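Novice: First the structure, then my questions, so here it is.
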Amino acid sequence: MSESTQLPTVEDGSSIDLRVFLPSLIIVLIAGGYLVQAPDHAAAAASVWKTWVTVNFGWLFLLVAAATLGFCGWLALGRYGRVTLGDPGERPEFRELSWAGMMFTAGIGIGLVTWAFVEPVYYLMTPPMGIEAGTAAAMEWGHAYAQFHWGVVPWAFYVLPTVPIAYSLYVRKTPFLRISAASEGALSTPKRRQWSPLIDTLVILGIIGGAGTSIGLGVPLVAEFFGALTGVESGMTLNLAVLAVWTLIFGTSVYRGLKAGIRRLADINIFLAVFVVVFVLLAGPTVFILSLSVNSVGLMLNNFLHMSFWLDPVDKSGFPEDWTIFYWAWWIAYAPLMGLFFGRISRGRTIRQVVFGVIGWGSLGTLSFMAVCGAYTLHLELEGLLPVTQILQDQGREAAVVAIIETLPFSTIAILVFTVLSFIFLATTLDSVAYVLASITTRNLRGDVEPARMNRLCWAFALAFIAVGLLLAGGLDTVQASSVVTALPLIPVLGILALSLVRWLRTNDSIDT
């Protein structure tokens, strides 16, 4: 299908799947109501659950990350890498730049802006590997760890469900855009009806959990940007106002659909993201940024296995639980969403192109952003130009990000650009969420058809309701728990998807040997 072809928006024979829609929506509404009615109690409970999962299952998250990387390597470099996710000779549906832009802006979103400037400073204050805080070693390791957490592992997690979903849609011609349909190769026929609603419901809850973390991190940052531009004092009222405007923007985008809405926002944001990276690189200490970034790549590559499996079981510093395990859980929570979205937009590409494209383009974007912005912040701290650690401790993450950006040339314009960037990052991530949630809860939805607009809007407003609850509950533990707790039951789902794909590939007689 050419890029100019319009997707039909009225589904022939499709309908709401109440077995998935109702339990998922009810659970989301109950969770949102709990957060709104008892925010303090909900925050305390979230912290307890997050600690329990990370302490008791941290080892599992690290093993799953390593296994996922290995599986992606096997897919790309093995004999199945040449399999086309579509008809033989079919051309890709989207041009490379739009494809990469939609993946990048949906796959990372506002979390990248939130953490790029301040994450290395957190590690400077509480470094890994028993390193003394505030030292040169802590600074180098802090910058390297930020690259590690936002590098190849997140995008490998996204690849794992993407390939079986695209294979199910465009090779097997399965007329359903949902995880359960891509899992059929691993489930015996009598059990498919029994397990499909459960799988899809778990996926929806995981997606809501991952999106909740993005909302909880993103809305206060956008509000802080807006406050810096207008002089309006940041607080809950401004947060809720930003949320209302954001809901209007991404609700409109979701209503317009994949090609008219989501792709257009993604195209805009990819250019803004490139502009931001180049601007900070050139406006800041360019040589220092490049030197520290190259140094961090070497440090990360030299210690990749150690970082991948480090759990600190003796000293129990809490660093792996607070950072690495949280990040792996966040990416896992988002993986089904990204698999459904990436799979939907990857028609016509080979498995090898998808694996290398998702990991390659995605890692290039995130590593560039984290490396440049993180190095700029460390330069400010190192040279005494801005007390970033003090601002972070006294005023919080959002205030620190704004203070850092204000040190750039043309600071008002820079903050305006970051405000727009953050708004669109959040919108493109969450309109992708609403689009996919509507697809999962629709029965008999063909891969080339968009779900009903009212279904998409329903999930858009359900996400906004969760957002209100998370804003009221507040606290980093609460938004992190949103991902960590919902990610745990998704681990077996990812395993089922991998097994399903392997079985399909091995029984496919059309592979050109």
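Every chain in the structure tokens has a letter given in the order shown (A, B, ...), and although residue numbers restart at 1 in each chain, ligands are simply numbered from 1 in the order shown.
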Can you check which parts of range 131-207 of chain A lie within 8 Å of range 55-79 of chain A? Per residue, the shortest pair of atoms and distance in Å to one decimal, counting only C-alpha atoms, sorted by chain and number, as a Markdown table.
Specialist:
```
| residue | atom | partner | partner_atom | distance |
| --- | --- | --- | --- | --- |
| A:Val153 | CA | A:Ala65 | CA | 6.6 |
| A:Ala156 | CA | A:Leu69 | CA | 5.8 |
| A:Phe157 | CA | A:Thr68 | CA | 6.4 |
| A:Val159 | CA | A:Cys72 | CA | 7.1 |
| A:Leu160 | CA | A:Cys72 | CA | 6.9 |
```
Novice: Can you check which parts of range 65-156 of chain A lie within 7 Å of range 420-444 of chain A? Per residue, the shortest pair of atoms and distance in Å to one decimal, counting only C-alpha atoms, sorted by chain and number, as a Markdown table.
Specialist:
```
| residue | atom | partner | partner_atom | distance |
| --- | --- | --- | --- | --- |
| A:Thr105 | CA | A:Phe425 | CA | 5.7 |
| A:Ala106 | CA | A:Thr429 | CA | 4.1 |
| A:Gly107 | CA | A:Thr429 | CA | 6.8 |
| A:Gly109 | CA | A:Phe425 | CA | 4.5 |
| A:Ile110 | CA | A:Phe425 | CA | 5.1 |
| A:Val113 | CA | A:Ser422 | CA | 6.8 |
```
Novice: Compile the contact shell of range 25-39 of chain A as a VMD selection string: residues with an atom at most 10 Å away, counting only C-alpha atoms, same-chain residues fewer than 2 positions apart removed.
Specialist: chain A and resid 18 20 to 23 41 to 45 201 204 to 205 208 to 209 441 458 to 459 462 to 474 478
Novice: Keeping C-alpha atoms for every residue in the selection just given, could you write it to a file as a short mmCIF file (atom, residue, chain, number, x, y, z; two decimals), in the first residue's frame?
Specialist:
```cif
data_model
loop_
_atom_site.label_atom_id
_atom_site.label_comp_id
_atom_site.auth_asym_id
_atom_site.auth_seq_id
_atom_site.Cartn_x
_atom_site.Cartn_y
_atom_site.Cartn_z
CA LEU A 18 -16.93 -6.51 25.54
CA VAL A 20 -11.85 -7.17 26.90
CA PHE A 21 -13.33 -3.67 26.84
CA LEU A 22 -15.49 -3.86 29.97
CA PRO A 23 -13.08 -5.47 32.49
CA HIS A 41 -3.14 6.22 50.70
CA ALA A 42 -2.69 5.32 47.03
CA ALA A 43 0.82 6.82 47.00
CA ALA A 44 1.83 4.80 50.08
CA ALA A 45 0.43 1.59 48.59
CA THR A 201 -6.67 -7.42 29.32
CA ILE A 204 -4.21 -3.07 28.28
CA LEU A 205 -3.39 -2.73 31.98
CA ILE A 208 -2.09 2.04 30.99
CA GLY A 209 0.64 1.56 33.60
CA THR A 441 -10.83 -3.78 22.32
CA CYS A 458 -13.15 6.75 25.19
CA TRP A 459 -9.62 5.57 25.91
CA ALA A 462 -9.80 7.24 30.41
CA LEU A 463 -6.08 8.07 30.20
CA ALA A 464 -6.83 11.66 31.21
CA PHE A 465 -8.74 10.37 34.25
CA ILE A 466 -5.77 8.25 35.30
CA ALA A 467 -3.56 11.30 34.77
CA VAL A 468 -5.63 13.37 37.20
CA GLY A 469 -5.27 10.67 39.84
CA LEU A 470 -1.52 10.37 39.40
CA LEU A 471 -1.10 14.13 39.59
CA LEU A 472 -3.05 14.23 42.84
CA ALA A 473 -1.11 11.31 44.33
CA GLY A 474 2.22 12.75 43.15
CA THR A 478 3.86 6.50 42.58
#
```
Novice: With DSSP run on the backbone, what are the alpha helix (DSSP H) residues within range 186-398 of chain A? I'd like them as number ranges by chain.
Specialist: A: 189-230, 236-256, 263-283, 286-302, 304-309, 319, 325-344, 351-382, 388-395, 397-398
Novice: So what do you get for CA of Pro120 in chain A versus CA of Leu238 in chain A, distance-wise?
Specialist: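 Atom-to-atom, CA of Pro120 in chain A to CA of Leu238 in chain A, that is 28.0 Å.
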Novice: Between A:Asp477, A:Tyr376, A:Leu499, A:Gly89, which residue has the minimum interatomic distance to Glu321 in chain A, considering only C-alpha atoms?
Specialist: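 Smallest distance to Glu321 in chain A is found for A:Asp477.
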Novice: Pick out the closest residue to Arg349 in chain A from this set: A:Leu408, A:Val479, A:Ala166, A:Ala181. Count only C-alpha atoms.
Specialist: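 Among the listed residues, the smallest separation from Arg349 in chain A belongs to A:Ala166.
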Novice: Any chance you could tabulate, as CSV, the residues of range 229-346 of chain A at most 7 Å from range 484-494 of chain A with each one's nearest atom pair and distance in Å to one decimal, using only C-alpha atoms, in chain and rising number order?
Specialist:
```
residue,atom,partner,partner_atom,distance
A:Phe326,CA,A:Val484,CA,6.1
A:Ala329,CA,A:Val484,CA,5.0
A:Trp330,CA,A:Val484,CA,6.3
A:Ile332,CA,A:Ala487,CA,5.7
A:Ala333,CA,A:Ala487,CA,4.6
```
Novice: Keeping N, CA and C atoms, export the residues of the selection given above as an mmCIF file, in the first residue's frame.
Specialist:
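Saved as part-v2.cif:
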```
data_model
loop_
_atom_site.group_PDB
_atom_site.id
_atom_site.type_symbol
_atom_site.label_atom_id
_atom_site.label_comp_id
_atom_site.auth_asym_id
_atom_site.auth_seq_id
_atom_site.Cartn_x
_atom_site.Cartn_y
_atom_site.Cartn_z
ATOM 1 N N PHE A 326 13.650 -0.448 37.349
ATOM 2 C CA PHE A 326 12.512 0.412 37.007
ATOM 3 C C PHE A 326 12.451 0.668 35.513
ATOM 4 N N ALA A 329 11.335 -2.361 33.588
ATOM 5 C CA ALA A 329 9.894 -2.563 33.781
ATOM 6 C C ALA A 329 9.085 -1.560 32.968
ATOM 7 N N TRP A 330 9.544 -0.322 32.915
ATOM 8 C CA TRP A 330 8.839 0.714 32.142
ATOM 9 C C TRP A 330 8.796 0.337 30.673
ATOM 10 N N ILE A 332 9.099 -2.677 29.422
ATOM 11 C CA ILE A 332 8.252 -3.863 29.253
ATOM 12 C C ILE A 332 6.773 -3.471 29.253
ATOM 13 N N ALA A 333 6.401 -2.568 30.151
ATOM 14 C CA ALA A 333 5.007 -2.117 30.198
ATOM 15 C C ALA A 333 4.587 -1.477 28.883
#
```
Novice: Give me, as a tab-separated table (two decimals) with N, CA, C and O atoms, in the first residue's frame, all polymer residues having an atom no more than 10 Å from range 396-398 of chain A, counting only C-alpha atoms and skipping those fewer than 2 positions away in the same chain.
Specialist:
```tsv
chain	number	residue	atom	x	y	z
A	114	THR	N	12.27	14.79	30.11
A	114	THR	CA	12.28	14.84	31.56
A	114	THR	C	13.62	14.44	32.14
A	114	THR	O	14.14	15.09	33.05
A	115	TRP	N	14.20	13.36	31.61
A	115	TRP	CA	15.39	12.78	32.23
A	115	TRP	C	16.70	13.17	31.57
A	115	TRP	O	17.76	13.04	32.20
A	117	PHE	N	18.35	15.84	30.90
A	117	PHE	CA	19.21	16.82	31.55
A	117	PHE	C	19.61	16.42	32.97
A	117	PHE	O	20.70	16.79	33.42
A	118	VAL	N	18.76	15.73	33.69
A	118	VAL	CA	18.99	15.55	35.13
A	118	VAL	C	19.39	14.14	35.54
A	118	VAL	O	19.92	13.96	36.64
A	119	GLU	N	19.17	13.14	34.69
A	119	GLU	CA	19.47	11.77	35.13
A	119	GLU	C	20.94	11.59	35.51
A	119	GLU	O	21.22	10.99	36.56
A	122	TYR	N	21.49	12.76	39.09
A	122	TYR	CA	21.04	11.81	40.10
A	122	TYR	C	22.14	10.78	40.37
A	122	TYR	O	22.41	10.42	41.52
A	217	LEU	N	5.23	11.97	34.85
A	217	LEU	CA	6.49	12.70	34.67
A	217	LEU	C	6.33	13.90	33.76
A	217	LEU	O	7.00	14.93	33.94
A	218	GLY	N	5.47	13.79	32.76
A	218	GLY	CA	5.42	14.79	31.70
A	218	GLY	C	4.61	16.03	32.00
A	218	GLY	O	5.05	17.15	31.72
A	219	VAL	N	3.42	15.86	32.58
A	219	VAL	CA	2.55	17.02	32.78
A	219	VAL	C	3.18	18.06	33.71
A	219	VAL	O	3.16	19.26	33.39
A	220	PRO	N	3.78	17.68	34.86
A	220	PRO	CA	4.42	18.71	35.69
A	220	PRO	C	5.56	19.43	34.99
A	220	PRO	O	5.78	20.63	35.23
A	221	LEU	N	6.28	18.74	34.12
A	221	LEU	CA	7.37	19.39	33.40
A	221	LEU	C	6.83	20.43	32.42
A	221	LEU	O	7.35	21.55	32.35
A	222	VAL	N	5.80	20.08	31.68
A	222	VAL	CA	5.21	21.04	30.74
A	222	VAL	C	4.65	22.24	31.51
A	222	VAL	O	4.79	23.39	31.08
A	223	ALA	N	4.04	21.98	32.66
A	223	ALA	CA	3.51	23.07	33.48
A	223	ALA	C	4.64	23.98	33.96
A	223	ALA	O	4.48	25.22	33.99
A	224	GLU	N	5.78	23.40	34.31
A	224	GLU	CA	6.93	24.20	34.75
A	224	GLU	C	7.45	25.06	33.59
A	224	GLU	O	7.80	26.23	33.78
A	225	PHE	N	7.51	24.48	32.40
A	225	PHE	CA	7.91	25.25	31.22
A	225	PHE	C	6.95	26.42	30.99
A	225	PHE	O	7.36	27.55	30.74
A	388	VAL	N	23.24	22.56	40.02
A	388	VAL	CA	22.16	21.66	39.59
A	388	VAL	C	21.75	20.71	40.72
A	388	VAL	O	20.56	20.50	40.96
A	389	THR	N	22.73	20.13	41.39
A	389	THR	CA	22.40	19.18	42.47
A	389	THR	C	21.58	19.86	43.56
A	389	THR	O	20.64	19.26	44.09
A	390	GLN	N	21.92	21.08	43.88
A	390	GLN	CA	21.18	21.80	44.93
A	390	GLN	C	19.75	22.09	44.49
A	390	GLN	O	18.80	21.92	45.25
A	391	ILE	N	19.60	22.54	43.25
A	391	ILE	CA	18.25	22.82	42.74
A	391	ILE	C	17.43	21.54	42.70
A	391	ILE	O	16.24	21.52	43.06
A	392	LEU	N	18.05	20.46	42.30
A	392	LEU	CA	17.37	19.17	42.22
A	392	LEU	C	16.87	18.74	43.60
A	392	LEU	O	15.74	18.25	43.74
A	393	GLN	N	17.70	18.94	44.61
A	393	GLN	CA	17.33	18.53	45.97
A	393	GLN	C	16.29	19.45	46.59
A	393	GLN	O	15.38	19.00	47.28
A	394	ASP	N	16.41	20.77	46.33
A	394	ASP	CA	15.54	21.75	47.00
A	394	ASP	C	14.23	22.00	46.27
A	394	ASP	O	13.19	22.19	46.91
A	400	ALA	N	14.69	21.99	38.08
A	400	ALA	CA	16.09	21.83	37.65
A	400	ALA	C	16.19	21.85	36.13
A	400	ALA	O	17.10	22.47	35.57
A	401	VAL	N	15.27	21.17	35.44
A	401	VAL	CA	15.29	21.16	33.98
A	401	VAL	C	15.13	22.57	33.43
A	401	VAL	O	15.86	22.99	32.52
A	402	VAL	N	14.18	23.32	33.97
A	402	VAL	CA	13.96	24.68	33.49
A	402	VAL	C	15.18	25.56	33.76
A	402	VAL	O	15.61	26.34	32.89
A	403	ALA	N	15.78	25.42	34.95
A	403	ALA	CA	16.97	26.22	35.28
A	403	ALA	C	18.12	25.91	34.34
A	403	ALA	O	18.87	26.82	33.94
A	476	LEU	N	7.58	10.43	42.94
A	476	LEU	CA	8.25	9.62	41.93
A	476	LEU	C	7.91	8.14	42.10
A	476	LEU	O	7.73	7.42	41.12
```
Novice: Suppose you want the space between CA of His143 in chain A and CA of Met300 in chain A; what is it in Å?
Specialist: 9.5 Å
Novice: Counting only C-alpha atoms, which of A:Ser291, A:Gln194, A:Gln353, A:Ser214 gets nearest to Thr162 in chain A?
Specialist: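 Checking each candidate against Thr162 in chain A, we get A:Gln353 as the closest.
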Novice: Looking at only C-alpha atoms, which of A:Ala146, A:Val53, A:Trp504, A:Gly348 is the one that sits closest to Ala186 in chain A?
Specialist: A:Trp504
Novice: Rank nothing, just name the residue among A:Thr247, A:Thr286, A:Thr412, A:Ser293 nearest to Leu457 in chain A, using only C-alpha atoms.
Specialist: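 Selected residue with least distance to Leu457 in chain A: A:Thr247.
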Novice: Between CA of Ala244 in chain A and CA of Trp331 in chain A, measure the distance and give it in Å to one decimal.
Specialist: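 We find that CA of Ala244 in chain A and CA of Trp331 in chain A lie 26.3 Å from each other.
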Novice: Would you kindly return, as a list in words, each protein, DNA or RNA residue with an atom no farther than 10 Å from any atom of Gly318 in chain A, considering only C-alpha atoms and excluding same-chain residues fewer than 2 positions away?
Specialist: Thr51, Thr54, Val55, Thr126, Pro128, Leu311, Asp312, Pro313, Asp315, Lys316, Pro320, Glu321, Asp322 and Trp323 of chain A
Novice: Would you mind telling me which residue in A:Leu305, A:Ile179, A:Leu248, A:Met236 lies nearest to Gly495 in chain A when using only C-alpha atoms?
Specialist: A:Ile179
Novice: Residues at most 8 Å from range 355-368 of chain A, counting only C-alpha atoms, excluding those fewer than 6 positions away in the same chain, as a list in words?
Specialist: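 Near range 355-368 of chain A, the qualifying residues are Cys72, Leu75, Ala76, Ala100, Met103, Phe104, Ile108, Leu112, Gln147, Trp150, Gly151, Val152, Trp155, Ala156, Tyr158, Val159 and Val277 of chain A.
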